[in-house]
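**Student:** Structure file start-v9.cif (mmCIF, C-alpha atoms) is given on the next line.
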```cif
data_input
#
loop_
_atom_site.label_atom_id
_atom_site.label_comp_id
_atom_site.auth_asym_id
_atom_site.auth_seq_id
_atom_site.Cartn_x
_atom_site.Cartn_y
_atom_site.Cartn_z
CA MET A 1 0.00 0.00 0.00
CA GLY A 2 2.85 2.35 0.90
CA ASP A 3 4.55 1.77 -2.49
CA PHE A 4 1.27 2.40 -4.29
CA LEU A 5 0.71 5.71 -2.48
CA LEU A 6 4.29 6.80 -3.22
CA LEU A 7 3.90 5.98 -6.91
CA ALA A 8 0.55 7.70 -7.11
CA THR A 9 1.83 10.84 -5.39
CA ILE A 10 4.96 11.10 -7.54
CA ALA A 11 3.12 10.30 -10.75
CA SER A 12 0.51 12.96 -10.00
CA ALA A 13 3.13 15.57 -9.14
CA VAL A 14 5.15 14.79 -12.25
CA GLY A 15 2.04 14.84 -14.41
CA ILE A 16 0.92 18.22 -13.08
CA GLY A 17 4.43 19.64 -13.46
CA TRP A 18 4.66 18.31 -17.01
CA TRP A 19 1.27 19.79 -17.97
CA LEU A 20 2.02 23.16 -16.36
CA GLY A 21 5.41 23.26 -18.03
CA ARG A 22 3.84 22.77 -21.43
CA VAL A 23 1.15 25.37 -20.79
CA GLU A 24 3.71 27.93 -19.62
CA ARG A 25 5.72 27.34 -22.78
CA ARG A 26 2.78 27.65 -25.19
CA PRO A 27 3.81 30.37 -27.69
CA ALA A 28 1.46 32.76 -29.44
CA GLY A 29 0.84 30.29 -32.29
CA GLY A 30 -0.41 27.66 -29.87
CA LYS A 31 2.32 25.09 -30.62
CA LEU A 32 3.64 23.27 -27.59
CA ASN A 33 7.37 23.23 -26.85
CA VAL A 34 9.03 20.48 -24.86
CA PRO A 35 10.13 21.64 -21.39
CA ALA A 36 13.66 21.03 -20.22
CA PRO A 37 14.37 18.08 -17.84
CA GLN A 38 15.64 20.39 -15.11
CA ASP A 39 12.06 21.72 -14.66
CA TYR A 40 11.25 18.51 -12.81
CA SER A 41 14.49 17.93 -10.94
CA ALA A 42 13.76 20.13 -7.94
CA GLY A 43 10.31 18.61 -7.42
CA LEU A 44 11.55 15.06 -7.86
CA SER A 45 14.41 15.69 -5.46
CA TYR A 46 11.97 16.89 -2.83
CA LEU A 47 9.56 14.01 -3.33
CA LEU A 48 12.29 11.35 -3.26
CA ARG A 49 14.33 12.91 -0.48
CA ASP A 50 13.06 10.75 2.39
CA LYS A 51 12.33 7.61 0.40
CA SER A 52 14.27 4.39 0.72
CA ASP A 53 16.30 2.97 -2.14
CA ASP A 54 13.73 0.18 -2.58
CA GLU A 55 10.90 2.69 -2.91
CA VAL A 56 12.80 4.74 -5.46
CA GLU A 57 13.70 1.61 -7.43
CA ALA A 58 10.03 0.61 -7.42
CA PHE A 59 9.07 3.96 -8.90
CA VAL A 60 11.72 3.75 -11.62
CA ARG A 61 10.62 0.22 -12.60
CA THR A 62 6.97 1.24 -12.74
CA LEU A 63 7.54 4.36 -14.87
CA ALA A 64 7.63 3.02 -18.41
CA VAL A 65 9.56 4.89 -21.10
CA SER A 66 7.14 6.77 -23.37
CA PRO A 67 6.84 10.17 -25.05
CA GLN A 68 4.83 11.31 -22.05
CA THR A 69 7.46 10.26 -19.47
CA LEU A 70 10.60 11.19 -21.39
CA GLU A 71 11.26 14.40 -19.49
CA THR A 72 10.68 12.61 -16.19
CA HIS A 73 13.24 9.94 -17.06
CA LEU A 74 15.83 12.56 -17.99
CA ALA A 75 15.16 14.48 -14.78
CA LEU A 76 15.46 11.29 -12.72
CA GLY A 77 18.74 10.39 -14.38
CA GLY A 78 20.15 13.84 -13.74
CA LEU A 79 19.00 13.64 -10.13
CA PHE A 80 20.75 10.31 -9.57
CA ARG A 81 23.93 11.64 -11.20
CA ARG A 82 24.02 14.68 -8.93
CA ARG A 83 23.49 12.39 -5.94
CA GLY A 84 26.60 10.45 -6.95
CA GLU A 85 24.67 7.43 -8.21
CA ALA A 86 26.04 7.43 -11.75
CA ASP A 87 25.21 3.73 -12.29
CA LYS A 88 21.48 4.38 -11.80
CA ALA A 89 21.63 7.42 -14.07
CA ILE A 90 23.35 5.34 -16.76
CA HIS A 91 20.69 2.63 -16.49
CA ILE A 92 17.87 5.15 -16.93
CA HIS A 93 19.42 7.06 -19.81
CA GLU A 94 20.50 3.90 -21.66
CA ALA A 95 16.91 2.63 -21.44
CA VAL A 96 15.59 5.90 -22.89
CA LEU A 97 18.18 5.86 -25.69
CA GLU A 98 17.11 2.35 -26.71
CA SER A 99 13.47 3.40 -27.13
CA PRO A 100 12.41 2.94 -30.79
CA TRP A 101 10.11 5.98 -30.89
CA LEU A 102 12.78 8.54 -29.91
CA GLU A 103 12.77 11.29 -32.55
CA SER A 104 15.32 13.98 -33.42
CA PRO A 105 16.76 15.94 -31.74
CA TRP A 106 15.98 13.88 -28.62
CA PRO A 107 18.63 11.19 -29.27
CA SER A 108 21.31 13.89 -29.14
CA ARG A 109 19.85 15.31 -25.92
CA VAL A 110 19.77 11.87 -24.29
CA LYS A 111 23.32 11.09 -25.47
CA ILE A 112 24.56 14.26 -23.79
CA GLU A 113 22.93 13.23 -20.51
CA LEU A 114 24.36 9.72 -20.83
CA ALA A 115 27.81 11.16 -21.62
CA ARG A 116 27.58 13.20 -18.41
CA ASP A 117 26.80 9.97 -16.54
CA TYR A 118 29.82 8.25 -18.08
CA MET A 119 32.04 11.21 -17.16
CA ALA A 120 30.79 11.08 -13.58
CA ALA A 121 31.61 7.35 -13.53
CA GLY A 122 35.08 7.92 -15.02
CA LEU A 123 34.19 6.21 -18.31
CA LEU A 124 35.71 8.94 -20.44
CA GLY A 125 36.14 6.84 -23.58
CA ARG A 126 32.41 6.04 -23.71
CA ALA A 127 31.55 9.68 -23.07
CA GLU A 128 33.82 10.79 -25.92
CA THR A 129 32.18 8.39 -28.38
CA LEU A 130 28.69 9.66 -27.57
CA LEU A 131 29.70 13.31 -27.71
CA ARG A 132 31.34 12.82 -31.09
CA GLU A 133 28.07 11.34 -32.34
CA VAL A 134 26.20 14.42 -31.10
CA ASP A 135 28.74 16.68 -32.81
CA ASP A 136 28.24 14.79 -36.07
CA ALA A 137 24.43 15.02 -35.78
CA GLY A 138 24.70 18.78 -36.26
CA PHE A 139 21.90 20.11 -34.01
CA GLU A 140 23.23 23.54 -33.03
CA MET A 141 22.36 23.70 -29.33
CA GLU A 142 23.26 20.09 -28.56
CA ARG A 143 26.42 20.26 -30.67
CA GLU A 144 27.82 23.25 -28.76
CA GLU A 145 27.15 21.57 -25.42
CA ALA A 146 28.78 18.38 -26.69
CA LEU A 147 31.91 20.29 -27.75
CA HIS A 148 32.21 21.90 -24.31
CA LEU A 149 31.89 18.49 -22.67
CA LEU A 150 34.45 17.04 -25.07
CA LEU A 151 36.86 19.76 -23.93
CA GLU A 152 36.32 18.60 -20.34
CA VAL A 153 37.03 15.00 -21.35
CA TYR A 154 40.23 15.86 -23.21
CA GLN A 155 41.46 18.07 -20.38
CA GLN A 156 40.94 15.27 -17.87
CA GLU A 157 42.89 12.96 -20.17
CA ARG A 158 45.48 15.68 -20.88
CA ASP A 159 44.88 14.95 -24.56
CA TRP A 160 45.86 18.35 -25.92
CA GLU A 161 46.09 17.18 -29.54
CA HIS A 162 42.35 16.46 -29.52
CA ALA A 163 41.45 19.36 -27.24
CA ILE A 164 42.89 21.89 -29.70
CA PRO A 165 40.68 21.09 -32.74
CA THR A 166 37.66 20.87 -30.42
CA ALA A 167 38.37 24.37 -29.10
CA GLN A 168 38.94 25.58 -32.65
CA SER A 169 35.47 24.31 -33.60
CA LEU A 170 33.96 26.40 -30.81
CA LEU A 171 35.96 29.41 -31.96
CA ARG A 172 34.60 29.04 -35.48
CA ASP A 173 31.12 29.03 -33.96
CA GLY A 174 31.81 32.43 -32.41
CA ARG A 175 32.77 31.34 -28.86
CA HIS A 176 35.72 33.72 -28.63
CA GLU A 177 36.10 33.22 -24.88
CA VAL A 178 37.72 29.87 -25.74
CA ALA A 179 40.79 31.58 -27.28
CA PRO A 180 42.75 32.05 -23.99
CA VAL A 181 42.02 28.42 -23.08
CA LEU A 182 43.26 27.30 -26.50
CA ALA A 183 46.47 29.26 -25.88
CA GLN A 184 46.93 27.28 -22.64
CA PHE A 185 46.60 24.00 -24.58
CA TYR A 186 49.43 25.11 -26.88
CA CYS A 187 51.48 26.03 -23.79
CA GLU A 188 50.89 22.57 -22.33
CA ILE A 189 52.33 20.99 -25.47
CA ALA A 190 55.19 23.51 -25.48
CA GLY A 191 56.03 22.65 -21.87
CA GLU A 192 56.17 18.94 -22.70
CA ALA A 193 58.33 19.65 -25.76
CA LEU A 194 60.69 21.81 -23.68
CA ALA A 195 61.15 18.98 -21.20
CA ALA A 196 61.88 16.63 -24.12
CA GLY A 197 64.40 19.04 -25.65
CA ASN A 198 62.40 19.62 -28.84
CA HIS A 199 63.05 23.35 -29.12
CA GLU A 200 61.66 23.77 -32.60
CA ARG A 201 58.29 22.39 -31.48
CA VAL A 202 58.39 24.67 -28.43
CA ARG A 203 58.77 27.77 -30.60
CA ARG A 204 56.01 26.71 -32.96
CA LYS A 205 53.51 26.02 -30.19
CA LEU A 206 54.31 29.20 -28.29
CA GLN A 207 53.83 31.23 -31.45
CA GLN A 208 50.41 29.59 -31.87
CA ALA A 209 49.60 30.34 -28.23
CA LEU A 210 50.40 34.03 -28.64
CA GLU A 211 48.37 34.18 -31.86
CA GLN A 212 45.34 32.99 -29.91
CA ASP A 213 46.01 35.12 -26.84
CA PRO A 214 48.60 37.92 -27.16
CA ASN A 215 48.32 38.48 -23.39
CA CYS A 216 49.33 34.92 -22.49
CA ALA A 217 52.02 35.51 -19.86
CA ARG A 218 52.67 31.79 -19.62
CA ALA A 219 53.83 31.71 -23.25
CA SER A 220 56.32 34.51 -22.56
CA LEU A 221 57.63 32.72 -19.47
CA LEU A 222 58.19 29.54 -21.48
CA LEU A 223 59.78 31.49 -24.32
CA GLY A 224 62.14 33.17 -21.87
CA GLU A 225 63.13 29.79 -20.45
CA LEU A 226 63.74 28.45 -23.95
CA GLU A 227 65.94 31.40 -24.93
CA VAL A 228 67.98 31.03 -21.74
CA ARG A 229 68.58 27.36 -22.51
CA GLU A 230 69.79 28.31 -25.99
CA GLY A 231 72.00 31.08 -24.60
CA ASN A 232 69.99 33.94 -26.13
CA LEU A 233 69.97 35.99 -22.95
CA ARG A 234 68.99 39.35 -24.45
CA THR A 235 66.12 37.77 -26.41
CA ALA A 236 65.04 35.98 -23.23
CA ALA A 237 65.04 39.26 -21.30
CA HIS A 238 62.90 40.96 -23.95
CA ALA A 239 60.40 38.11 -23.90
CA LEU A 240 60.13 38.23 -20.12
CA GLU A 241 59.82 42.02 -19.97
CA ARG A 242 56.76 41.73 -22.21
CA ILE A 243 54.90 40.17 -19.26
CA LEU A 244 54.58 43.62 -17.67
CA GLU A 245 52.19 44.54 -20.50
CA GLN A 246 50.55 41.12 -20.84
CA ASP A 247 49.67 40.41 -17.21
CA PRO A 248 51.72 42.38 -14.65
CA GLU A 249 50.64 40.12 -11.79
CA PHE A 250 52.95 37.46 -13.22
CA VAL A 251 56.04 39.71 -13.33
CA SER A 252 57.19 38.23 -10.02
CA GLU A 253 57.53 34.87 -11.79
CA CYS A 254 60.23 36.18 -14.14
CA ILE A 255 62.30 38.46 -11.87
CA ASP A 256 64.95 35.88 -10.96
CA THR A 257 65.50 34.90 -14.60
CA LEU A 258 65.67 38.54 -15.68
CA VAL A 259 68.28 39.26 -13.01
CA HIS A 260 70.34 36.32 -14.29
CA CYS A 261 70.07 37.46 -17.92
CA TYR A 262 71.07 41.07 -17.39
CA GLN A 263 73.86 40.28 -14.94
CA GLU A 264 75.34 37.75 -17.35
CA LEU A 265 75.10 40.35 -20.11
CA GLY A 266 76.71 42.96 -17.87
CA GLU A 267 73.75 45.27 -18.41
CA GLU A 268 72.74 46.03 -14.85
CA GLU A 269 71.48 49.50 -15.75
CA SER A 270 68.86 47.96 -18.04
CA LEU A 271 67.80 45.69 -15.18
CA ILE A 272 67.53 48.61 -12.77
CA ALA A 273 65.46 50.57 -15.28
CA PHE A 274 63.02 47.68 -15.71
CA LEU A 275 62.71 47.07 -11.96
CA ARG A 276 62.01 50.76 -11.33
CA ARG A 277 59.40 50.68 -14.06
CA CYS A 278 57.75 47.67 -12.42
CA ILE A 279 57.69 49.42 -9.04
CA ASP A 280 56.17 52.55 -10.56
CA GLU A 281 53.58 50.89 -12.79
CA HIS A 282 52.66 47.75 -10.86
CA PRO A 283 54.39 47.56 -7.46
CA SER A 284 55.46 44.13 -6.27
CA ILE A 285 57.74 43.12 -3.43
CA SER A 286 59.73 40.81 -5.76
CA ALA A 287 60.80 43.83 -7.84
CA VAL A 288 61.57 45.84 -4.70
CA LEU A 289 63.73 43.09 -3.21
CA ALA A 290 65.57 42.52 -6.50
CA LEU A 291 66.40 46.22 -6.65
CA ALA A 292 67.41 46.16 -2.97
CA ASP A 293 69.86 43.34 -3.75
CA ILE A 294 71.51 45.54 -6.38
CA LEU A 295 71.74 48.49 -4.00
CA ASP A 296 73.09 46.24 -1.25
CA LYS A 297 76.06 45.27 -3.43
CA ASP A 298 77.40 48.80 -2.92
CA GLY A 299 77.86 47.96 0.76
CA ASP A 300 75.68 50.75 2.15
CA GLU A 301 73.19 48.79 4.27
CA ARG A 302 71.61 51.96 5.66
CA LEU A 303 70.80 53.28 2.20
CA THR A 304 69.29 49.93 1.21
CA ALA A 305 67.28 49.77 4.46
CA HIS A 306 66.01 53.30 3.82
CA PHE A 307 64.88 52.28 0.31
CA VAL A 308 63.09 49.14 1.55
CA ALA A 309 61.44 51.02 4.43
CA GLY A 310 60.15 53.66 2.02
CA GLN A 311 58.65 51.01 -0.25
CA LEU A 312 57.02 49.27 2.72
CA GLN A 313 55.31 52.51 3.69
CA ARG A 314 53.79 52.62 0.21
CA ARG A 315 52.95 48.91 0.04
CA PRO A 316 53.23 46.89 3.29
CA SER A 317 54.56 43.35 2.86
CA ILE A 318 55.62 40.56 5.22
CA ARG A 319 58.41 39.54 2.83
CA GLY A 320 59.58 43.14 2.71
CA LEU A 321 59.49 43.39 6.49
CA LYS A 322 61.64 40.28 6.81
CA ARG A 323 64.21 41.79 4.44
CA LEU A 324 64.19 45.08 6.35
CA ILE A 325 64.85 43.18 9.59
CA ASP A 326 67.79 41.41 7.92
CA LEU A 327 69.21 44.79 6.90
CA GLN A 328 68.73 46.25 10.38
CA LEU A 329 70.49 43.26 11.91
CA GLN A 330 73.61 44.17 9.94
CA VAL A 331 73.82 47.67 11.41
CA SER A 332 72.25 47.26 14.89
CA ASP A 333 74.06 46.99 18.20
CA VAL A 334 74.03 43.86 20.33
CA ALA A 335 71.15 45.07 22.50
CA ALA A 336 68.79 45.49 19.58
CA ARG A 337 69.73 42.26 17.80
CA GLU A 338 67.92 39.97 20.22
CA SER A 339 64.57 41.66 19.55
CA LEU A 340 65.23 41.78 15.83
CA GLU A 341 66.08 38.08 15.79
CA ILE A 342 62.73 37.32 17.46
CA LEU A 343 60.88 39.43 14.89
CA ARG A 344 62.78 37.79 12.08
CA GLY A 345 61.81 34.33 13.33
CA LEU A 346 58.16 35.31 13.57
CA THR A 347 58.04 36.72 10.05
CA ALA A 348 59.80 33.59 8.73
CA GLN A 349 57.13 31.40 10.37
CA LEU A 350 54.38 33.54 8.89
CA LEU A 351 55.86 33.24 5.41
CA ALA A 352 56.33 29.47 5.73
CA GLN A 353 52.65 28.96 6.57
CA LYS A 354 51.09 31.29 4.00
CA PRO A 355 50.02 30.27 0.48
CA VAL A 356 51.75 32.03 -2.41
CA TYR A 357 49.08 31.67 -5.09
CA ARG A 358 45.29 31.98 -5.10
CA CYS A 359 42.61 31.29 -7.71
CA ARG A 360 40.65 34.45 -8.52
CA HIS A 361 37.64 32.34 -9.45
CA CYS A 362 37.14 29.84 -6.60
CA GLY A 363 39.68 30.88 -3.94
CA PHE A 364 41.86 27.75 -4.12
CA ALA A 365 45.23 28.59 -2.53
CA GLY A 366 48.62 26.91 -2.41
CA ARG A 367 52.34 27.35 -2.65
CA GLU A 368 52.64 26.06 -6.23
CA LEU A 369 51.56 27.80 -9.43
CA HIS A 370 48.92 25.82 -11.34
CA TRP A 371 47.96 27.12 -14.77
CA GLN A 372 44.70 25.21 -14.49
CA CYS A 373 43.11 25.58 -11.07
CA PRO A 374 42.85 22.18 -9.31
CA GLY A 375 39.65 23.38 -7.66
CA CYS A 376 37.43 24.95 -10.34
CA LYS A 377 39.42 23.85 -13.44
CA HIS A 378 39.60 27.41 -14.78
CA TRP A 379 42.69 28.31 -16.80
CA GLY A 380 44.91 31.25 -15.88
CA SER A 381 42.90 32.14 -12.78
CA VAL A 382 45.61 31.11 -10.27
CA LYS A 383 47.90 34.08 -9.70
CA PRO A 384 50.43 35.31 -7.14
CA ILE A 385 48.71 36.67 -4.05
CA GLN A 386 48.90 40.44 -3.82
CA GLY A 387 49.09 42.71 -0.79
CA LEU A 388 50.45 42.25 2.72
CA GLU A 389 50.79 38.45 2.54
CA GLY A 390 52.03 38.30 -1.04
CA GLU A 391 53.35 40.64 -3.70
#
```
As structure tokens, what does this structure read like?
**Tutor:**
Amino acid sequence: MGDFLLLATIASAVGIGWWLGRVERRPAGGKLNVPAPQDYSAGLSYLLRDKSDDEVEAFVRTLAVSPQTLETHLALGGLFRRRGEADKAIHIHEAVLESPWLESPWPSRVKIELARDYMAAGLLGRAETLLREVDDAGFEMEREEALHLLLEVYQQERDWEHAIPTAQSLLRDGRHEVAPVLAQFYCEIAGEALAAGNHERVRRKLQQALEQDPNCARASLLLGELEVREGNLRTAAHALERILEQDPEFVSECIDTLVHCYQELGEEESLIAFLRRCIDEHPSISAVLALADILDKDGDERLTAHFVAGQLQRRPSIRGLKRLIDLQLQVSDVAARESLEILRGLTAQLLAQKPVYRCRHCGFAGRELHWQCPGCKHWGSVKPIQGLEGE
């Protein structure tokens, strides 16, 4: 009796929701449009929330696949997938896909839902096959969604050679926001080629990355590293200096290499000019400390300390404070050193515990630079932390 009442209640609620959805979507001409599966998901989730697995299974078995229950099946499958029950979602969507009366474009819609199930279950190969079929079917809305999901599949598999043409297809369809992501794919290949010593491939891929996104700081960082390896120090310096215009928040990532290049070239004045430009246009403690190192070579610790203290007044920084304490230790008497040593230890502990990078999209933080955020999977959103605890 309990199962019967559950089935009757759910069937009635679904039926009313289905009818209302169609009425609400009746256009001026009177033709009915099919409502989206998500219209039912919230109601189904509420109705099934306190039901046992056996009761839910009984409902699924009783609800036969038909044109009238199609949306309900898709909503149920999506609900199971979001609950982490990908196997149940797969079972439902596979049953719908096998129905002989399914008419276009519904097969493409169901294949997308089934591909999502496979992705949730880690069956990426099966998901790719279905999404390729949707792409070939050519229905505009479903095709675009399939291409976006294919990009997710290829990124999980780190299959950049297939990710690139997929992103290019989206670009041809007018999705220009994909261009910076495409540039990152080229950088991924360039990074692998650099590790393998294939410098010609590195140059070709970085050129393609910059064609897609002229502001790709990662491409300039990789190009600088390549030029250093080949001994082209001046060319490397020019590539790295370009980051100040591309994305100044990444300048801190190239300071050490720039210092090496210009010191090896014996062109310290050019280095000083660039560091001063960085401090004026986009202040960062990395540029300040690099310039302080140059001043400190003259042996006047008080002048260097005065410079660092002035910069800290403009832009407070824990790293800068630690360096100022180091400078004060060199010129302080014995009585003051004990207190300065305590302060130095405290600032060192603070720096050791703080993250260095943070995702601007989801807030993921860590001490390693990830070009694709491990949290939200966005590209280029993880950047050096700015302000008191960072740059």
**Student:** Output the residue selection produced by the PyMOL selection byres ((chain A and resi 391) around 8) on the file above, formatted as a list in words.
**Tutor:** Ser252, Pro283, Ser284, Ile285, Ser286, Ser317, Pro384, Ile385, Gln386, Gly387, Leu388, Glu389 and Gly390 of chain A
**Student:** State, in Å with one decimal place, the distance from atom CA of A:Ala209 to atom CA of A:Tyr186.
**Tutor:** 5.4 Å
**Student:** By how many Å are atom CA of A:Glu140 and atom CA of A:Leu70 apart?
**Tutor:**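 Value for the atom CA of A:Glu140-atom CA of A:Leu70 distance: 21.2 Å.
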**Student:** One decimal, in Å: what's the spacing between atom CA of A:Asp136 and atom CA of A:Thr166?
**Tutor:**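 Going from atom CA of A:Asp136 over to atom CA of A:Thr166, I get 12.6 Å.
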**Student:** Apply the PyMOL selection byres ((chain A and resi 144) around 10) to the displayed file and report the matching residues as JSON, numbers by chain.
**Tutor:** {"A": [134, 135, 138, 139, 140, 141, 142, 143, 145, 146, 147, 148, 149, 150, 169, 170, 173, 175]}
**Student:** Counting only C-alpha atoms, which residue out of A:Pro105, A:Gly375, A:Pro165, A:Gly122 sits closest to A:Ala137?
**Tutor:**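 So, comparing all the options, the nearest one is A:Pro105.
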**Student:** Calculated over all atoms listed in the file, which of the candidates A:Gly266, A:Pro214, A:Pro316, A:Gly125 has the smallest distance to A:Gln184?
**Tutor:** A:Pro214
**Student:** Can you tell me, as a PyMOL selection string, which residues sit within 12 Å of (55.3, 37.6, -10.7) in the file's frame, using all atoms listed in the file?
**Tutor:** chain A and resi 217-218+221+240-241+243-244+246-258+278+282-288+356-357+369+382-386+390-391
**Student:** Run the PyMOL selection byres ((chain A and resi 345-355) around 7) on the file and write out the hits as a list in words.
**Tutor:**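 For this structure, the PyMOL selection byres ((chain A and resi 345-355) around 7) captures Ile318, Lys322, Glu341, Ile342, Leu343, Arg344, Val356, Tyr357, Ala365, Gly366 and Arg367 of chain A.
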**Student:** Closest to A:Arg116 among A:Arg360, A:Arg242, A:Arg81, A:His162, using only C-alpha atoms?
**Tutor:** A:Arg81
**Student:** Would you list the residues near (41.8, 24.9, -26.0), meaning any protein, DNA or RNA residue with an atom at most 8 Å from that point in file coordinates, counting all atoms listed in the file, as number ranges by chain?
**Tutor:** A: 151, 160, 163-168, 178-186
**Student:** List as a list in words the protein and nucleic acid residues near A:Lys111, meaning an atom at most 8 Å away when only C-alpha atoms are counted, but skip any in the same chain fewer than 2 places from it.
**Tutor:**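 These residues fall inside the cut-off: His93, Leu97, Pro107, Ser108, Arg109, Glu113, Leu114, Ala115, Leu130, Leu131 and Val134 of chain A.
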**Student:** Of the candidates A:Ile92, A:Leu124, A:Leu210, A:Leu194, which shows the shortest atom-to-atom distance to A:Glu71, using only C-alpha atoms?
**Tutor:**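 Looking only at the distances to A:Glu71, the closest residue turns out to be A:Ile92.
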**Student:** Hey, can I get the axis-aligned box for stretch 153-170 of chain A? All listed atoms, 5 Å padding on each side, centre and edge lengths in Å to one decimal, as lines of an AutoDock Vina configuration file.
**Tutor:**
```
center_x = 40.0
center_y = 19.7
center_z = -25.7
size_x = 22.1
size_y = 23.4
size_z = 25.7
```
**Student:** So which one's closest to A:Ala195, A:Leu233, A:Ala120, A:Leu226, A:Ala239? Using only C-alpha atoms, please.
**Tutor:**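 When distances to A:Ala195 are compared using only C-alpha atoms, the smallest one comes from A:Leu226.
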**Student:** Please determine, counting all atoms listed in the file, which residue among A:Glu161, A:Asp280, A:Glu103, A:Glu128 has the shortest atom-to-atom distance to A:Glu188.
**Tutor:**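 Of the candidates, the smallest distance to A:Glu188 is held by A:Glu161.
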**Student:** Need to verify the contact set: stretch 300-305 of chain A, 12 Å, all atoms listed in the file, exclusion of same-chain residues closer than 2 positions in sequence. Can you return it as a PyMOL selection string?
**Tutor:** chain A and resi 288-298+307-312+320-332
**Student:** Quick one: everything within 10 Å of A:Tyr262, counting all atoms listed in the file, minus sequence neighbours fewer than 3 positions away in the same chain. Send it as a PyMOL selection string.
**Tutor:** chain A and resi 233-234+236-237+257-259+265-272
**Student:** Please provide as a list in words all residues within 8 Å of A:Lys205, with the sequence filter that same-chain residues fewer than 6 positions apart are discarded (counting all atoms listed in the file).
**Tutor:**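 Counting only the stated atoms, we get Tyr186, Cys187, Ile189 and Ala190 of chain A.
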